[in-house]
Every structure is written in structure tokens, then in C-alpha cells.
Amino acid sequence: MRCLLAVATVLILGAAPAHAGRVVIEVVDTNGRPVADAIVSLAPMPGTTSRGIAPATRFVDQKDETFLPYVTALHPGDSVIFRNSDNTRHHVYSFSDMVKFEYMLGPGESSPALLMNNPGNAAVGCNIHDQMLTYLYVTKDPEMATTDAQGRASIDGVNAGQYRAHAWHPQLRPGVTLPIQGVTVSEAAPATVRFNLALLPDPRGAMDREHIGY
Amino acid sequence: MSRFRRAFAAITVCLVIPLAGAQDVKVHAYADVRLVDAPNDPSFVNGGPGRTRYGDGDTQARFGAAALVVTAQFTPALFALADMQLQQTDHASPQLTEAFLRYRPVSLSAWRASIKGGLYFIPISLENDGIGWTSPWTITPSAINSWVGEELRGLGAEAREEWRGDAGTLGFGGGLFRHNDPAGNILAMRGWSLSDLVYGVGGRLREPSDDGGRDQYAPFQSIGGRTGWYADASWKGASGLDLRVLRYDNRADPQAHRLYSDGDRLFAWRTRFWSAGASFPTGPITWIAQGMDGDTEVHPRQRTLLTHFQSGFLLAGWNRGAWRPTLRVERFRTWPSGERGHAVTAALNWRPSGWLRLTAEWLHVDATREDREDVGLAPHERGNQLQLLARVLY
């Protein structure tokens with residue numbers, strides 16, 4: 001028993017970084033307005049050790065003929081499940097270079113877990129409802145967060161050290177070089193990362209009782 | 001029973017029988033009433049020389065239109081739509097404005113193909129993307145799209161191919177159609193109009209009359225039995241730029257004709273035109289521009305009557321959440337009739353809730369047409385039409 005306790009203590013102490021800090025993220029557009037659904041990831045510079053990543057399963061819901069969320073951040077090895085919470089069918093598909101798939105989902109149904117093997121991004125649509133659109137973004141960077149409606153996000157427990165921060169958003173101009181900036185994480189005070197992104201219009205079609213989308 | 005009506009009966013059966021088995025059937029609808037302050041000229045709707053929907057200078061509450069749109073997704077790839085409308089012209093007129101089947105299987109490549117058959121609007125308007133082919137920007141569409149709503153449709157089939165890239169979607173399409181042989185008649189006989197009336201199967205367009213006659217015709221009928229075609233290309237960019245170009249030729253036999261009820265001849269009008277349009281957002285402002293250039297002709301008794309027509313508009317809509325002010329300017333002309341004019345439309349749209357649209361619209365028309373003198377009117381006309389609309393959406 002004492003041996004087990006000793007092993008557990010070692011594991012817990014080993015899992016917690018000796019020095020960990022917080023990164024606060026803010027993303028705005030060229031007019032200074034907050035940008036939601038931007039993914040900011042941190043890649044450790046040489047000499048900085050990062051946290052280990054355990055494979056996770058993320059869910060993308062379909063509700064009121066809208067994919068929720070608009071973007072999903074994943075690591076290679078993670079899986080994604082598409083869930084249909086509408087009372088109509090959806091035909092979820094992607095023809096991206098990163099991953100190709102199609103799932104016919106009736107009301108209340110979920111897809112099998114779709115494994116993401118490689119980094120990249122994929123636009124996912126519904127072949128029945130063309131205005132529906134969501135994005136999967138897969139990165140090897142160990143730390144990542146998605147901004148909320150106020151354009152803010154934060155990452156806690158980041159190992160102290162030097163990182164390179166990347167920002168990605170589905171409405172960045174195709175082919176544009178992703179914005180990058182350096183960030184130093186320390187225990188003393190939260191590090192702040194602020195990105196300014198030039199975005200294209202939202203590609204999702206407006207759907208309401210006036211626009212029935214056919 | 002005409003072949004057209006038989007074809008429609010067949011389409012209706014094709015739509016209704018599988019409807020029972022379709023998992024996803026949706027019903028959409030709208031109805032509107034409006035308070036109208038009309039220009040003085042009697043409207044073309046009542047056979048008058050006015051080119052707006054309402055006339056006679058009165059101020060009245062009016063029923064505008066009601067529509068019922070039923071969609072059904074029979075299989076993941078097979079979709080159907082039927083749009084029935086009740087339009088208030090010079091009489092209450094129930095009409096079938098669209099009824100089509102579309103087959104569009106999923107594609108796991110950048111290319112996606114689809115085919116469509118039935119009665120449908122050709123892909124020409126960048127304004128009218130609302131329920132029942134309404135415009136979310138104004139009550140009254142441009143002169144170009146007013147004419148499209150009146151006379152351009154047919155029983156046909158089209159094929160479409162899309163290439164979907166990171167920078168945008170490139171589209172090509174084309175179709176063959178019949179039963180659109182009178183298209184062009186109203187432009188030659190009356191000229192351009194500005195109206196949100198949409199005609200369909202069951203509707204009858206009225207020609208101008210200086211003797212109290214009521215010459216009316218079904219705009220979607222076969223005269224001469226020829227097959228027309230259209231082809232279009234489009235680009236929908238990631239930047240929001242939407243470009244569309246279309247060529248239309250109904251290939252009607254300009255010597256073919258039918259008799260009106262009073263014995264006059266309704267000819268098949270050989271109508272050809274180019275249409276090009278663009279839509280582009282700059283911040284909260286959406287810009288839409290469209291131009292049309294074409295001609296239409298008939299050959300009654302070895303003569304050739306040729307009418308050229310042109311029109312173009314520029315629309316700016318300011319997207320401010322529930323509020324959407326819109327301004328549109330346009331020009332139009334036909335010759336050799338000597339018709340030439342311009343119009344300005346200002347609309348303020350408010351969507352206080354998802355089921356309600358309130359719009360105030362001011363439409364100013366300034367035009368000249370020499371044959372107004374035939375009915376004792378000055379060739380030059382100028383008028384304002386004011387509408388306050390309440391539209392309930394389901």
C-alpha cells in the first residue's frame with residue numbers, strides 16, 4: 001500500500017510542471033472588433049518542454065441547421081463525432097485534402113468517431129443544407145485555445161518557457177501565411193498574446209424564414 | 001387539356017406521391033398587406049399606361065400576395081420544391097410559380113454536379129433570393145427582375161457543375177425549356193415595369209389597352225413548339241464577390257401565333273438577351289449590380305417587328321442587424337418605341353422578429369414613351385409610389 005502511495009505521489013508530482021503559467025489571448029479584426037472562433041496554438045521553442053497530449057474526442061453538433069461549434073481545434077490522434085440534434089436529416093461530408101468522409105445522419109443519430117491522423121484543416125458541409133459549414137483544425141502544437149464571442153481565450157498550466165504562437169481562422173484569405181508571434185510564459189504573471197486578423201466575410205449563408213436557402 | 005397542363009399534372013403527381021414517403025417535408029409561407037399611395041397613371045395591372053403595380057392616385061390598404069412553399073427531401077440527393085402563390089392583380093389569381101425536382105448527389109471531390117427539372121426560375125437575379133422569389137432588399141424588384149418574374153420561365157431541365165476551391169466556387173450550367181414562347185411580348189407591347197407581381201401557371205398577363213379591352217395571355221405556354229436554351233457561368237468568391245453571366249434564347253418561331261379570346265393574334269416572340277450581375281460586400285454594405293441587353297421580334301404577315309431592350313441597376317443595402325436601409329437606382333429603355341427612363345427606390349426594412357418584416361418603400365419613376373400619345377397622354381411620365389408593408393413569414 002505504501003508502495004502504491006509512493007508511486008501515485010511521484011506520478012502526480014511528475015505530471016504537474018515545476019513552473020507553469022497562464023496565457024491570455026485576444027484576437028481582433030482590422031477594425032478592432034473581437035474575433036470569435038479563432039484558434040491560437042503555442043509551439044514550444046527549443047529548450048522548452050511541453051505538456052503531454054492525451055487523445056481526446058470532440059463533438060460537433062447540428063442544431064437548427066447549424067453546425068456547433070463553427071471551428072473545432074484538434075491534435076493528431078484526436079477523434080471527432082458529428083451529432084444530429086435536429087429533427088431533419090443531415091448529410092455531413094468533407095472533400096478536403098486532410099480528410100474525406102460522408103455520414104448520413106438521421107434525427108438523433110451520431111457518426112462513428114472520425115480519427116484525425118494529420119495536421120491541416122478541413123471544411124465540413126451538409127449536402128442537403130448548403131448553408132451549413134464547420135471547420136476542423138488539426139495542429140501538432142501542444143497548447144491551443146479557441147476564442148469566444150469577445151475574441152478572448154486563455155490557457156492555464158502552460159509550462160514556463162519560450163513559445164511561438166500561431167493564429168488560424170476559417171475566414172483568413174486562402175494561402176495567407178499564418179500570423180506568428182513569440183511569447184514567453186512564466187509563473188510570475190500571465191503572458192498576453194494579441195492577434196490582429198484581416199478576415200473575409202462569413203461564408204455561411206443567412207438562414208431565416210425569409211431565406212429558405214434553395 | 002393542353003400538353004402543358006398535362007405535363008404539370010404529371011409533375012404534380014411526381015411531387016405529391018413521393019411526398020408521402022419523404023422523411024423531410026417542410027412548409028414555408030408568407031402573406032402581406034400594405035398601405036399604398038399610388039401614382040396618378042392607371043397601373044399596367046389594369047391595362048393602363050402606368051408602369052408601377054399600383055395606380056389611379058389613390059391611397060388604400062391592399063392585400064399584396066400570399067405564398068405557400070413546400071419542400072421535400074425524398075432521399076439525401078433528391079429534393080423537390082413547389083411554390084404556390086396568390087397574387088392580387090386585377091383579380092385574385094392563384095398560381096403555381098415553381099415546381100421542380102433536383103438531383104444532387106454528394107461528391108467527395110472539388111467537383112459537384114446536379115440536374116433539375118420542372119418549372120423554375122433561371123439563375124438570373126441577385127436580388128430575389130427570398131421566399132417565393134421575393135427580394136429582401138426592397139418590396140419592388142428592379143425593372144429587370146420585375147420582367148423575369150412576369151415572363152421568364154418554362155418547363156425545362158438543366159444540368160449544373162460546380163468546382164469548389166479555397167478561393168471560391170466556379171459554376172457552369174445550362175438548360176433546355178419549352179412553353180416560354182410569349183416571353184418578350186410584354187416588353188414590346190408595354191415596356192418595362194416595376195412591380196413585385198410574380199406570375200406562374202394559372203396567371204395571366206394583361207396588355208395595355210386604349211379601348212377598354214382586356215387582352216390577357218398566359219405567359220408560360222407553347223406557341224410553335226420550339227425548344228429554347230440558356231447557359232450561365234458564375235463565380236462565388238471567398239471575398240464575397242458573386243458574379244453571374246447568362247445567355248438566354250427562347251428560339252421561338254416569330255411567325256407562330258395563337259388567338260386571344262377576342263380573335264387577335266398572340267405571337268411567339270423570338271427573344272434573346274445577355275444578363276450579367278455582380279454582388280459584393282464592403283463592410284456592412286452589400287452592393288448589387290445587374291445589366292441586361294437583348295431583343296425580341298415577331299414576323300406578322302411577312303413584316304418584322306423588332307424591339308431592343310436594355311436595363312441596368314445598382315443597389316446598395318446597409319446591413320444593420322434587424323434594420324436594412326436600401327437604395328437602388330436604375331435605367332431602362334426599349335427602341336424603336338422611344339421608351340427611356342430611370343427609377344430610384346429607397347426602402348427601409350425592419351425585422352423586429354423572425355416572423356415579421358416591415359418595410360417602407362418609396363419608388364420614383366421618370367420615363368418617356370412615345371406611344372402614350374396614342375391614348376391621349378403626354379409622352380413623359382413621372383410618378384411616386386409609396387408602400388408601407390407588413391409581411392408575416394412562417
# chains A, B, ... in the order shown; residues from 1 in each chain; ligands from 1
call {"tool": "interface_residues", "arguments": {"of": "chain B", "to": "chain A", "cutoff": "7 Å", "atoms": "only C-alpha atoms", "output": "PyMOL selection string"}}
result
chain B and resi 24+76+106+108-110+129-131+166-167+238-240+354-355+393-394
call {"tool": "select_by_dssp", "arguments": {"residues": "region 2-197 of chain A", "states": "strand (DSSP E or B)", "output": "JSON, numbers by chain"}}
result
{"A": [20, 21, 22, 23, 24, 25, 26, 27, 28, 29, 34, 39, 40, 41, 42, 43, 44, 57, 58, 59, 60, 61, 62, 63, 66, 67, 68, 71, 72, 73, 74, 79, 80, 81, 82, 83, 84, 90, 91, 92, 93, 94, 95, 100, 101, 102, 103, 104, 105, 110, 114, 115, 120, 121, 122, 123, 124, 125, 126, 133, 134, 135, 136, 137, 138, 143, 144, 145, 146, 152, 153, 154, 155, 156, 157, 158, 159, 161, 162, 163, 164, 165, 166, 167, 168, 172, 180, 181, 182, 183, 184, 185, 191, 192, 193, 194, 195, 196, 197]}
call {"tool": "closest_residue", "arguments": {"among": "A:Arg152, A:Asp141, A:Arg83, A:Ala198", "to": "Thr177 (chain A)", "atoms": "only C-alpha atoms"}}
result
A:Ala198
call {"tool": "atom_distance", "arguments": {"atom1": "CA of Thr192 (chain A)", "atom2": "CA of Val23 (chain A)"}}
result
5.8 Å
call {"tool": "closest_residue", "arguments": {"among": "B:Thr326, B:Thr97, B:Thr75, B:Ser107", "to": "Pro141 (chain B)", "atoms": "only C-alpha atoms"}}
result
B:Thr326
call {"tool": "closest_residue", "arguments": {"among": "B:Tyr30, B:Tyr248, B:Trp192, B:Trp133", "to": "Pro49 (chain B)", "atoms": "only C-alpha atoms"}}
result
B:Trp192
call {"tool": "residues_around", "arguments": {"residues": "Tyr135 (chain A)", "least_positions_apart": "3", "cutoff": "8 Å", "atoms": "only C-alpha atoms", "output": "list in words"}}
result
Tyr70, Val71, Thr72, Asn121, Ala122, Ala123, Val124 and Pro170 of chain A
